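S.K.: One structure, pasted below without further comment.
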Amino acid sequence: MTFDSSENTYLNDPENGAEMARLLDQDRTLTETMDGLLSEQSSVESFHDVLDIACGPGGWVQEVAFVYPQMQVTGIDISKAMIDYAIMQSQLQHLENAHFKVMDATRPLDFPDASFDLVNARTIAGFMLTSSWPQLLQECRRILRPGGTIRFTETDLWGTTNSKAFGQLSNMVMMSLFLNEHSFDASGNTFGITPMLKRLLDLAGFQSIETRPHTIDFSAGAAAYSAMYQNFSVFYKVIQPFLFKTQRAFPQAHIPDQNRVDQLYDQMLTEMLSDDFVGIIYMLTAWGKKP
Amino acid sequence: MKANSWRELLGKCIADPQERQRIASDLGVRPITLTRWANENFVPRPQNLRQLLAILPQYRDEFIELIKLDMPDFNANLLEEASESESAIIPGEFYMRVLQTRASMPRNLRYSVLCDLILQQALKHLDPYRSGLGISIARCLPPLAEGPVSSLLADMGRGNPPWEQNMEHETMLLGAESLAGYAVISGRLITISNLHTQDNRFPVSLGAWEKSAVAAPISFEGNYAGSLIVSSTQFEYFSPLRQQLVSNYADLIALALNSEQFYPLHRIQLRLFPSQKVQQAYIAGFRKRVLGILKQPAEGLQPTSVIQAEHMAWQQIEAELLQLQLTEASQ
């Protein structure tokens, strides 16, 4: 859930420590939701060189490097601030098998052919233009070794809830992403990426494609409630500059003024406090093999 | 029959599925990972093996002997290795990140965001090998009027297994009976190397897995806002180097607090609070209390934000717990 504009800058300020902490928390929640780092993969022992695309502050890379010391794990991200932070954290943990590079995933990747056994990415739809997906997948295929695995995890919507304000804020974000060409959903209501994943992998020439769904239940009282409450309280604050920027470029976005957005934000936090609050995020992991 | 390798010994230890689950849970790994260590050529990190020795003390000597056949350089003594390789310095990059975030965050998110950032960093720095560490902040709960501070609110923490990731179930009010409280009252860092001995000079509220702990006061201009508490699953974990780090991170946390959240020592008069188990009954309805305060505030006490309503809810809980203590004392 990091965002990047057409000028290749994060929409959520990558220099902001709040965004780094939020992404690290989110990484851990995602990993728990997915029952582990590589839970659906049956041949983990064949992974020696692993790449994580758009790694942010490197949470997943650090975890994989720690749990699987025999692997060499590389994370790439367009933000130097994120990469510097990831390097610092890896050094503190003496993770000599974790590596990080500043790299734009929407351009040709600066790795030789057949460099990796696994290419992983989680929740990158927010910065990917719909038109950029085919090129990225071709690049993934190029840098994978024969028999190597590509593994993408995405969601169409960051939360379906019974909070009216949450829904209104979510709609604004999704419409803004749609207008900025990040959504496959012609209605602009969702990313529309999960139904596309299998087809995109297929079109890129991957084989033996499989999928597995996951859910993050962040209803009141659920295990992920507190973590996601904190996540959304930060997310819907740091995303606001992107919303207002979209409104200036696309008046049809109908983003209300700052006062109204602030009201909705407070209302969302209040509604999430209710014992009746329910919320869920549906995710899909799709993976396939390079022939 | 004696095992021929540490993998074979591990295989025997995890033959029972329930025991496998317990060991995996204590180690913070999945049961399949244990099976892979036992049956395949998966190599655990040295710190995982050291944790295993702590979890299976009855096999400790046998494990060490067998592990050394496979890994002659294996060092079972975590402290020795850690103190040689760890840095007592918080990277300058991190100070820059904290200051930048402090400057850019809205006031009502500043505390939670900065503390989240700092706790995550401190956890990785203080427990790089994930031997089991819990780190939390206990801050002075503002008194209702101009009276003294009676309790510390421990509502934010981060942990490596066996602690929870965000330690939300450890939220509670701490008083003079706690290490956190003692660190504030005494105005200095307090370390306990072995929480299982009976002759500790300091008040301790013992957590389930804690074997050693340290608490450092969070201070500014001679006033105090609370303390940073760090607990370990290892005895004698807090070397002088790690104590210094805890103190340095406590200084950073001071940046997350506003000046009015720091109190002179004469205004901090911590009372005794009941155990977490007793407090749970009061804390369980916390969100409902906050909603009630937001929707039907007492006269003249209209909260301006969810965070302020949360403070008011904690003040209610504090008053009820103090009343409970008084009632029990009089019986």
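Order determines the names: the first chain of the structure tokens is A, the second B, and so forth; residues in each chain are numbered 1 upward, and ligands are numbered 1 upward as they are shown.
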Among segment 198-292 of chain B, which ones does DSSP place in strand (DSSP E or B), written as number ranges by chain?

M.R.: B: 212-220, 223-232, 263, 268

S.K.: How close does chain B get to chain A? List, as CSV, each residue of chain B within 7 Å, its nearest atom pair and the distance in Å to one decimal, counting only C-alpha atoms.

M.R.:
```
residue,atom,partner,partner_atom,distance
B:Arg45,CA,A:Pro69,CA,6.7
B:Arg97,CA,A:Gly17,CA,5.7
B:Val98,CA,A:Gly17,CA,6.6
B:Gln100,CA,A:Asn16,CA,6.9
B:Thr101,CA,A:Gly17,CA,5.2
B:Val113,CA,A:Ala18,CA,5.6
B:Asp116,CA,A:Ala21,CA,6.4
B:Leu117,CA,A:Ala21,CA,5.0
B:Lys124,CA,A:Gln93,CA,6.4
B:His125,CA,A:Leu92,CA,5.6
B:Pro128,CA,A:Gln93,CA,4.4
B:Tyr129,CA,A:Gln93,CA,6.9
B:Arg287,CA,A:Leu273,CA,5.6
B:Lys288,CA,A:Ser274,CA,6.8
B:Leu291,CA,A:Leu273,CA,6.8
B:Val306,CA,A:Thr270,CA,6.9
```

S.K.: Mind checking which residues fall within 10 Å of Val184 of chain B, counting only C-alpha atoms, ignoring those fewer than 3 positions away in the same chain, and posting them as a ChimeraX atom specification?

M.R.: /B:138-140,152,176,179-181,187-190,215-219,223-228,265,268,270

S.K.: Report as a VMD selection string: the residues of segment 61-150 of chain A with a DSSP assignment of alpha helix (DSSP H), based on the backbone of this structure.

M.R.: chain A and resid 61 to 67 80 to 92 133 to 143

S.K.: For those residues, write N, CA and C atoms to a file as a PDB file, in the first residue's frame.

M.R.:
```pdb
ATOM      1  N   VAL A  61      11.742  -8.508   3.227  1.00  0.00           N
ATOM      2  CA  VAL A  61      13.112  -8.936   2.917  1.00  0.00           C
ATOM      3  C   VAL A  61      13.844  -9.319   4.206  1.00  0.00           C
ATOM      4  N   GLN A  62      13.716  -8.493   5.219  1.00  0.00           N
ATOM      5  CA  GLN A  62      14.408  -8.768   6.487  1.00  0.00           C
ATOM      6  C   GLN A  62      13.901 -10.067   7.118  1.00  0.00           C
ATOM      7  N   GLU A  63      12.602 -10.275   7.049  1.00  0.00           N
ATOM      8  CA  GLU A  63      12.051 -11.499   7.636  1.00  0.00           C
ATOM      9  C   GLU A  63      12.562 -12.736   6.901  1.00  0.00           C
ATOM     10  N   VAL A  64      12.518 -12.696   5.564  1.00  0.00           N
ATOM     11  CA  VAL A  64      12.971 -13.854   4.783  1.00  0.00           C
ATOM     12  C   VAL A  64      14.462 -14.099   5.027  1.00  0.00           C
ATOM     13  N   ALA A  65      15.231 -13.018   5.043  1.00  0.00           N
ATOM     14  CA  ALA A  65      16.678 -13.166   5.255  1.00  0.00           C
ATOM     15  C   ALA A  65      16.965 -13.761   6.631  1.00  0.00           C
ATOM     16  N   PHE A  66      16.150 -13.413   7.601  1.00  0.00           N
ATOM     17  CA  PHE A  66      16.366 -13.947   8.955  1.00  0.00           C
ATOM     18  C   PHE A  66      15.980 -15.422   9.053  1.00  0.00           C
ATOM     19  N   VAL A  67      14.800 -15.736   8.532  1.00  0.00           N
ATOM     20  CA  VAL A  67      14.281 -17.110   8.677  1.00  0.00           C
ATOM     21  C   VAL A  67      15.033 -18.084   7.777  1.00  0.00           C
ATOM     22  N   LYS A  80      14.890   6.302  -2.294  1.00  0.00           N
ATOM     23  CA  LYS A  80      16.189   6.160  -1.626  1.00  0.00           C
ATOM     24  C   LYS A  80      16.017   6.193  -0.108  1.00  0.00           C
ATOM     25  N   ALA A  81      15.068   7.010   0.349  1.00  0.00           N
ATOM     26  CA  ALA A  81      14.840   7.104   1.797  1.00  0.00           C
ATOM     27  C   ALA A  81      14.430   5.741   2.357  1.00  0.00           C
ATOM     28  N   MET A  82      13.524   5.065   1.658  1.00  0.00           N
ATOM     29  CA  MET A  82      13.084   3.743   2.104  1.00  0.00           C
ATOM     30  C   MET A  82      14.259   2.756   2.092  1.00  0.00           C
ATOM     31  N   ILE A  83      15.037   2.793   1.039  1.00  0.00           N
ATOM     32  CA  ILE A  83      16.163   1.856   0.921  1.00  0.00           C
ATOM     33  C   ILE A  83      17.213   2.131   1.999  1.00  0.00           C
ATOM     34  N   ASP A  84      17.516   3.408   2.239  1.00  0.00           N
ATOM     35  CA  ASP A  84      18.482   3.740   3.295  1.00  0.00           C
ATOM     36  C   ASP A  84      17.994   3.209   4.643  1.00  0.00           C
ATOM     37  N   TYR A  85      16.703   3.347   4.871  1.00  0.00           N
ATOM     38  CA  TYR A  85      16.123   2.883   6.130  1.00  0.00           C
ATOM     39  C   TYR A  85      16.219   1.359   6.232  1.00  0.00           C
ATOM     40  N   ALA A  86      15.901   0.692   5.132  1.00  0.00           N
ATOM     41  CA  ALA A  86      15.968  -0.774   5.115  1.00  0.00           C
ATOM     42  C   ALA A  86      17.400  -1.259   5.360  1.00  0.00           C
ATOM     43  N   ILE A  87      18.372  -0.592   4.746  1.00  0.00           N
ATOM     44  CA  ILE A  87      19.783  -0.979   4.932  1.00  0.00           C
ATOM     45  C   ILE A  87      20.183  -0.806   6.398  1.00  0.00           C
ATOM     46  N   MET A  88      19.781   0.325   6.974  1.00  0.00           N
ATOM     47  CA  MET A  88      20.128   0.585   8.375  1.00  0.00           C
ATOM     48  C   MET A  88      19.559  -0.516   9.277  1.00  0.00           C
ATOM     49  N   GLN A  89      18.297  -0.871   9.036  1.00  0.00           N
ATOM     50  CA  GLN A  89      17.664  -1.878   9.892  1.00  0.00           C
ATOM     51  C   GLN A  89      18.298  -3.256   9.700  1.00  0.00           C
ATOM     52  N   SER A  90      18.667  -3.575   8.484  1.00  0.00           N
ATOM     53  CA  SER A  90      19.324  -4.866   8.230  1.00  0.00           C
ATOM     54  C   SER A  90      20.681  -4.930   8.904  1.00  0.00           C
ATOM     55  N   GLN A  91      21.393  -3.813   8.879  1.00  0.00           N
ATOM     56  CA  GLN A  91      22.714  -3.792   9.533  1.00  0.00           C
ATOM     57  C   GLN A  91      22.579  -3.995  11.037  1.00  0.00           C
ATOM     58  N   LEU A  92      21.569  -3.381  11.630  1.00  0.00           N
ATOM     59  CA  LEU A  92      21.359  -3.549  13.075  1.00  0.00           C
ATOM     60  C   LEU A  92      21.113  -5.008  13.431  1.00  0.00           C
ATOM     61  N   TRP A 133       2.018  -2.953 -16.116  1.00  0.00           N
ATOM     62  CA  TRP A 133       2.079  -4.343 -15.648  1.00  0.00           C
ATOM     63  C   TRP A 133       2.748  -5.297 -16.651  1.00  0.00           C
ATOM     64  N   PRO A 134       2.353  -5.276 -17.932  1.00  0.00           N
ATOM     65  CA  PRO A 134       2.972  -6.246 -18.859  1.00  0.00           C
ATOM     66  C   PRO A 134       4.492  -6.145 -18.909  1.00  0.00           C
ATOM     67  N   GLN A 135       5.016  -4.898 -18.918  1.00  0.00           N
ATOM     68  CA  GLN A 135       6.468  -4.750 -18.985  1.00  0.00           C
ATOM     69  C   GLN A 135       7.137  -5.277 -17.718  1.00  0.00           C
ATOM     70  N   LEU A 136       6.538  -4.988 -16.568  1.00  0.00           N
ATOM     71  CA  LEU A 136       7.131  -5.476 -15.320  1.00  0.00           C
ATOM     72  C   LEU A 136       7.171  -7.007 -15.321  1.00  0.00           C
ATOM     73  N   LEU A 137       6.073  -7.626 -15.758  1.00  0.00           N
ATOM     74  CA  LEU A 137       6.030  -9.085 -15.734  1.00  0.00           C
ATOM     75  C   LEU A 137       7.027  -9.689 -16.722  1.00  0.00           C
ATOM     76  N   GLN A 138       7.207  -9.026 -17.856  1.00  0.00           N
ATOM     77  CA  GLN A 138       8.230  -9.492 -18.799  1.00  0.00           C
ATOM     78  C   GLN A 138       9.618  -9.392 -18.180  1.00  0.00           C
ATOM     79  N   GLU A 139       9.849  -8.306 -17.470  1.00  0.00           N
ATOM     80  CA  GLU A 139      11.138  -8.144 -16.799  1.00  0.00           C
ATOM     81  C   GLU A 139      11.340  -9.221 -15.731  1.00  0.00           C
ATOM     82  N   CYS A 140      10.274  -9.523 -15.006  1.00  0.00           N
ATOM     83  CA  CYS A 140      10.362 -10.584 -13.989  1.00  0.00           C
ATOM     84  C   CYS A 140      10.730 -11.904 -14.643  1.00  0.00           C
ATOM     85  N   ARG A 141      10.104 -12.160 -15.774  1.00  0.00           N
ATOM     86  CA  ARG A 141      10.391 -13.417 -16.473  1.00  0.00           C
ATOM     87  C   ARG A 141      11.854 -13.443 -16.922  1.00  0.00           C
ATOM     88  N   ARG A 142      12.342 -12.307 -17.402  1.00  0.00           N
ATOM     89  CA  ARG A 142      13.726 -12.249 -17.878  1.00  0.00           C
ATOM     90  C   ARG A 142      14.723 -12.534 -16.747  1.00  0.00           C
ATOM     91  N   ILE A 143      14.470 -11.966 -15.563  1.00  0.00           N
ATOM     92  CA  ILE A 143      15.473 -12.096 -14.497  1.00  0.00           C
ATOM     93  C   ILE A 143      15.300 -13.385 -13.688  1.00  0.00           C
TER      94      ILE A 143
END
```

S.K.: Give me, as a list in words, all polymer residues having an atom no more than 7 Å from segment 287-289 of chain A, counting only C-alpha atoms and skipping those fewer than 2 positions away in the same chain.

M.R.: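 The residues satisfying every condition are Gly147, Gly148, Thr149, Ile150, Arg151, Phe152, Phe206, Gln207, Ser208, Ile209, Glu210, Thr211, Thr285 and Pro291 of chain A.
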
S.K.: Keeping only all heavy atoms, write the selected residues as a compact mmCIF listing (two decimals), in the first residue's frame.

M.R.:
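Heads up, here's the output in again.txt:
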```
# COMPACT_ATOMS: atom_id res chain seq x y z
N GLY A 147 12.34 -22.37 -14.42
CA GLY A 147 11.79 -23.07 -13.26
C GLY A 147 11.56 -22.15 -12.07
O GLY A 147 11.00 -22.57 -11.05
N GLY A 148 12.00 -20.91 -12.21
CA GLY A 148 11.85 -19.94 -11.12
C GLY A 148 10.39 -19.53 -10.92
O GLY A 148 9.55 -19.71 -11.81
N THR A 149 10.12 -18.96 -9.77
CA THR A 149 8.74 -18.66 -9.38
C THR A 149 8.50 -17.16 -9.31
O THR A 149 9.31 -16.42 -8.75
CB THR A 149 8.45 -19.28 -7.99
OG1 THR A 149 8.65 -20.69 -8.06
CG2 THR A 149 7.01 -18.99 -7.54
N ILE A 150 7.36 -16.74 -9.87
CA ILE A 150 6.90 -15.37 -9.67
C ILE A 150 5.72 -15.43 -8.71
O ILE A 150 4.91 -16.35 -8.76
CB ILE A 150 6.50 -14.71 -11.01
CG1 ILE A 150 6.20 -13.23 -10.77
CG2 ILE A 150 5.32 -15.41 -11.67
CD1 ILE A 150 6.11 -12.42 -12.05
N ARG A 151 5.63 -14.46 -7.81
CA ARG A 151 4.61 -14.53 -6.75
C ARG A 151 4.14 -13.12 -6.42
O ARG A 151 4.90 -12.31 -5.90
CB ARG A 151 5.25 -15.17 -5.52
CG ARG A 151 4.35 -15.26 -4.29
CD ARG A 151 5.19 -15.82 -3.17
NE ARG A 151 4.42 -16.16 -2.00
CZ ARG A 151 4.44 -15.46 -0.87
NH1 ARG A 151 5.15 -14.36 -0.78
NH2 ARG A 151 3.73 -15.85 0.17
N PHE A 152 2.90 -12.83 -6.75
CA PHE A 152 2.33 -11.50 -6.51
C PHE A 152 1.12 -11.62 -5.59
O PHE A 152 0.29 -12.52 -5.75
CB PHE A 152 1.90 -10.84 -7.83
CG PHE A 152 3.03 -10.18 -8.58
CD1 PHE A 152 4.28 -10.75 -8.64
CD2 PHE A 152 2.82 -8.98 -9.23
CE1 PHE A 152 5.32 -10.14 -9.32
CE2 PHE A 152 3.85 -8.35 -9.92
CZ PHE A 152 5.11 -8.95 -9.97
N PHE A 206 4.06 -17.21 -18.06
CA PHE A 206 4.29 -18.09 -16.91
C PHE A 206 3.36 -19.29 -16.99
O PHE A 206 2.28 -19.22 -17.58
CB PHE A 206 4.08 -17.31 -15.60
CG PHE A 206 5.15 -16.28 -15.36
CD1 PHE A 206 4.93 -14.94 -15.68
CD2 PHE A 206 6.39 -16.65 -14.86
CE1 PHE A 206 5.93 -13.99 -15.49
CE2 PHE A 206 7.39 -15.71 -14.66
CZ PHE A 206 7.16 -14.37 -14.98
N GLN A 207 3.78 -20.38 -16.35
CA GLN A 207 3.00 -21.63 -16.39
C GLN A 207 2.69 -22.12 -14.98
O GLN A 207 3.21 -21.58 -14.00
CB GLN A 207 3.78 -22.70 -17.15
CG GLN A 207 4.00 -22.33 -18.62
CD GLN A 207 4.78 -23.40 -19.38
OE1 GLN A 207 5.34 -24.32 -18.78
NE2 GLN A 207 4.81 -23.27 -20.70
N SER A 208 1.86 -23.14 -14.92
CA SER A 208 1.47 -23.73 -13.63
C SER A 208 0.99 -22.66 -12.66
O SER A 208 1.40 -22.61 -11.49
CB SER A 208 2.64 -24.51 -13.00
OG SER A 208 3.16 -25.44 -13.90
N ILE A 209 0.15 -21.77 -13.15
CA ILE A 209 -0.30 -20.63 -12.33
C ILE A 209 -1.35 -21.11 -11.32
O ILE A 209 -2.29 -21.82 -11.66
CB ILE A 209 -0.89 -19.53 -13.23
CG1 ILE A 209 0.18 -19.05 -14.22
CG2 ILE A 209 -1.41 -18.36 -12.39
CD1 ILE A 209 -0.36 -18.22 -15.36
N GLU A 210 -1.14 -20.71 -10.08
CA GLU A 210 -2.09 -21.05 -9.01
C GLU A 210 -2.42 -19.79 -8.22
O GLU A 210 -1.68 -18.79 -8.27
CB GLU A 210 -1.48 -22.10 -8.07
CG GLU A 210 -1.20 -23.43 -8.73
CD GLU A 210 -0.65 -24.44 -7.73
OE1 GLU A 210 -1.38 -24.77 -6.78
OE2 GLU A 210 0.50 -24.86 -7.91
N THR A 211 -3.51 -19.86 -7.48
CA THR A 211 -3.89 -18.71 -6.65
C THR A 211 -4.33 -19.19 -5.27
O THR A 211 -4.76 -20.33 -5.11
CB THR A 211 -5.05 -17.91 -7.28
OG1 THR A 211 -6.17 -18.79 -7.47
CG2 THR A 211 -4.67 -17.27 -8.59
N THR A 285 -3.07 -14.19 -3.57
CA THR A 285 -1.70 -14.47 -4.01
C THR A 285 -1.79 -15.31 -5.28
O THR A 285 -2.51 -16.32 -5.31
CB THR A 285 -0.91 -15.23 -2.94
OG1 THR A 285 -0.79 -14.40 -1.79
CG2 THR A 285 0.48 -15.59 -3.42
N PRO A 291 8.89 -21.15 -17.60
CA PRO A 291 9.19 -22.45 -18.25
C PRO A 291 10.70 -22.68 -18.38
O PRO A 291 11.45 -21.72 -18.51
CB PRO A 291 8.54 -22.32 -19.63
CG PRO A 291 7.69 -21.11 -19.59
CD PRO A 291 8.13 -20.24 -18.46
```

S.K.: Between B:Ser178, B:Ser330, B:Phe262, B:Tyr249, which is the closest to Pro274 of chain B once you count only C-alpha atoms?

M.R.: B:Ser178

S.K.: What's around Ala54 of chain A at 7 Å? Count only C-alpha atoms, leave out sequence neighbours fewer than 6 positions away in its own chain, and write the answer as a list in words.

M.R.: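 Near Ala54 of chain A, the qualifying residues are Ile76, Asp77, Ala105, Ala121 and Ile124 of chain A.
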
S.K.: Print the selection's residues with N, CA, C and O atoms to a file, as a CSV table (one decimal), in the first residue's frame.

M.R.:
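As a result, part01.csv now contains:
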```csv
chain,number,residue,atom,x,y,z
A,76,ILE,N,14.1,-4.1,-3.8
A,76,ILE,CA,14.3,-2.9,-4.6
A,76,ILE,C,13.1,-1.9,-4.3
A,76,ILE,O,12.0,-2.4,-4.1
A,77,ASP,N,13.4,-0.6,-4.4
A,77,ASP,CA,12.3,0.3,-4.2
A,77,ASP,C,12.8,1.6,-4.9
A,77,ASP,O,14.0,1.9,-4.9
A,105,ALA,N,10.6,0.1,-10.4
A,105,ALA,CA,10.0,-1.2,-11.0
A,105,ALA,C,9.3,-1.0,-12.3
A,105,ALA,O,8.9,-2.0,-12.9
A,121,ALA,N,6.3,-9.8,-5.0
A,121,ALA,CA,5.8,-8.5,-4.8
A,121,ALA,C,4.5,-8.5,-4.0
A,121,ALA,O,3.6,-9.4,-4.3
A,124,ILE,N,1.5,-3.8,-4.8
A,124,ILE,CA,2.1,-2.8,-5.6
A,124,ILE,C,1.2,-2.1,-6.5
A,124,ILE,O,1.6,-1.2,-7.2
```

S.K.: Rounded to one decimal, what separation in Å do you get between atom CA of Leu264 of chain A and atom CA of Gly188 of chain A?

M.R.: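 Interatomic distance, atom CA of Leu264 of chain A to atom CA of Gly188 of chain A: 20.4 Å.
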
S.K.: Name all residues at most 9 Å from Thr194 of chain A (count only C-alpha atoms; drop same-chain ones fewer than 2 positions away) and give them as a list in words.

M.R.: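 The residues that qualify are Thr153, Glu154, Thr155, Asp156, Phe191, Gly192, Met196, Leu197, Lys198, Met283, Leu284, Thr285 and Ala286 of chain A.
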
S.K.: Counting only C-alpha atoms, what is within 12 Å of Glu65 of chain B, bar same-chain residues fewer than 5 positions away, as a ChimeraX atom specification?

M.R.: /B:2-6,9,53,59-60,70-76
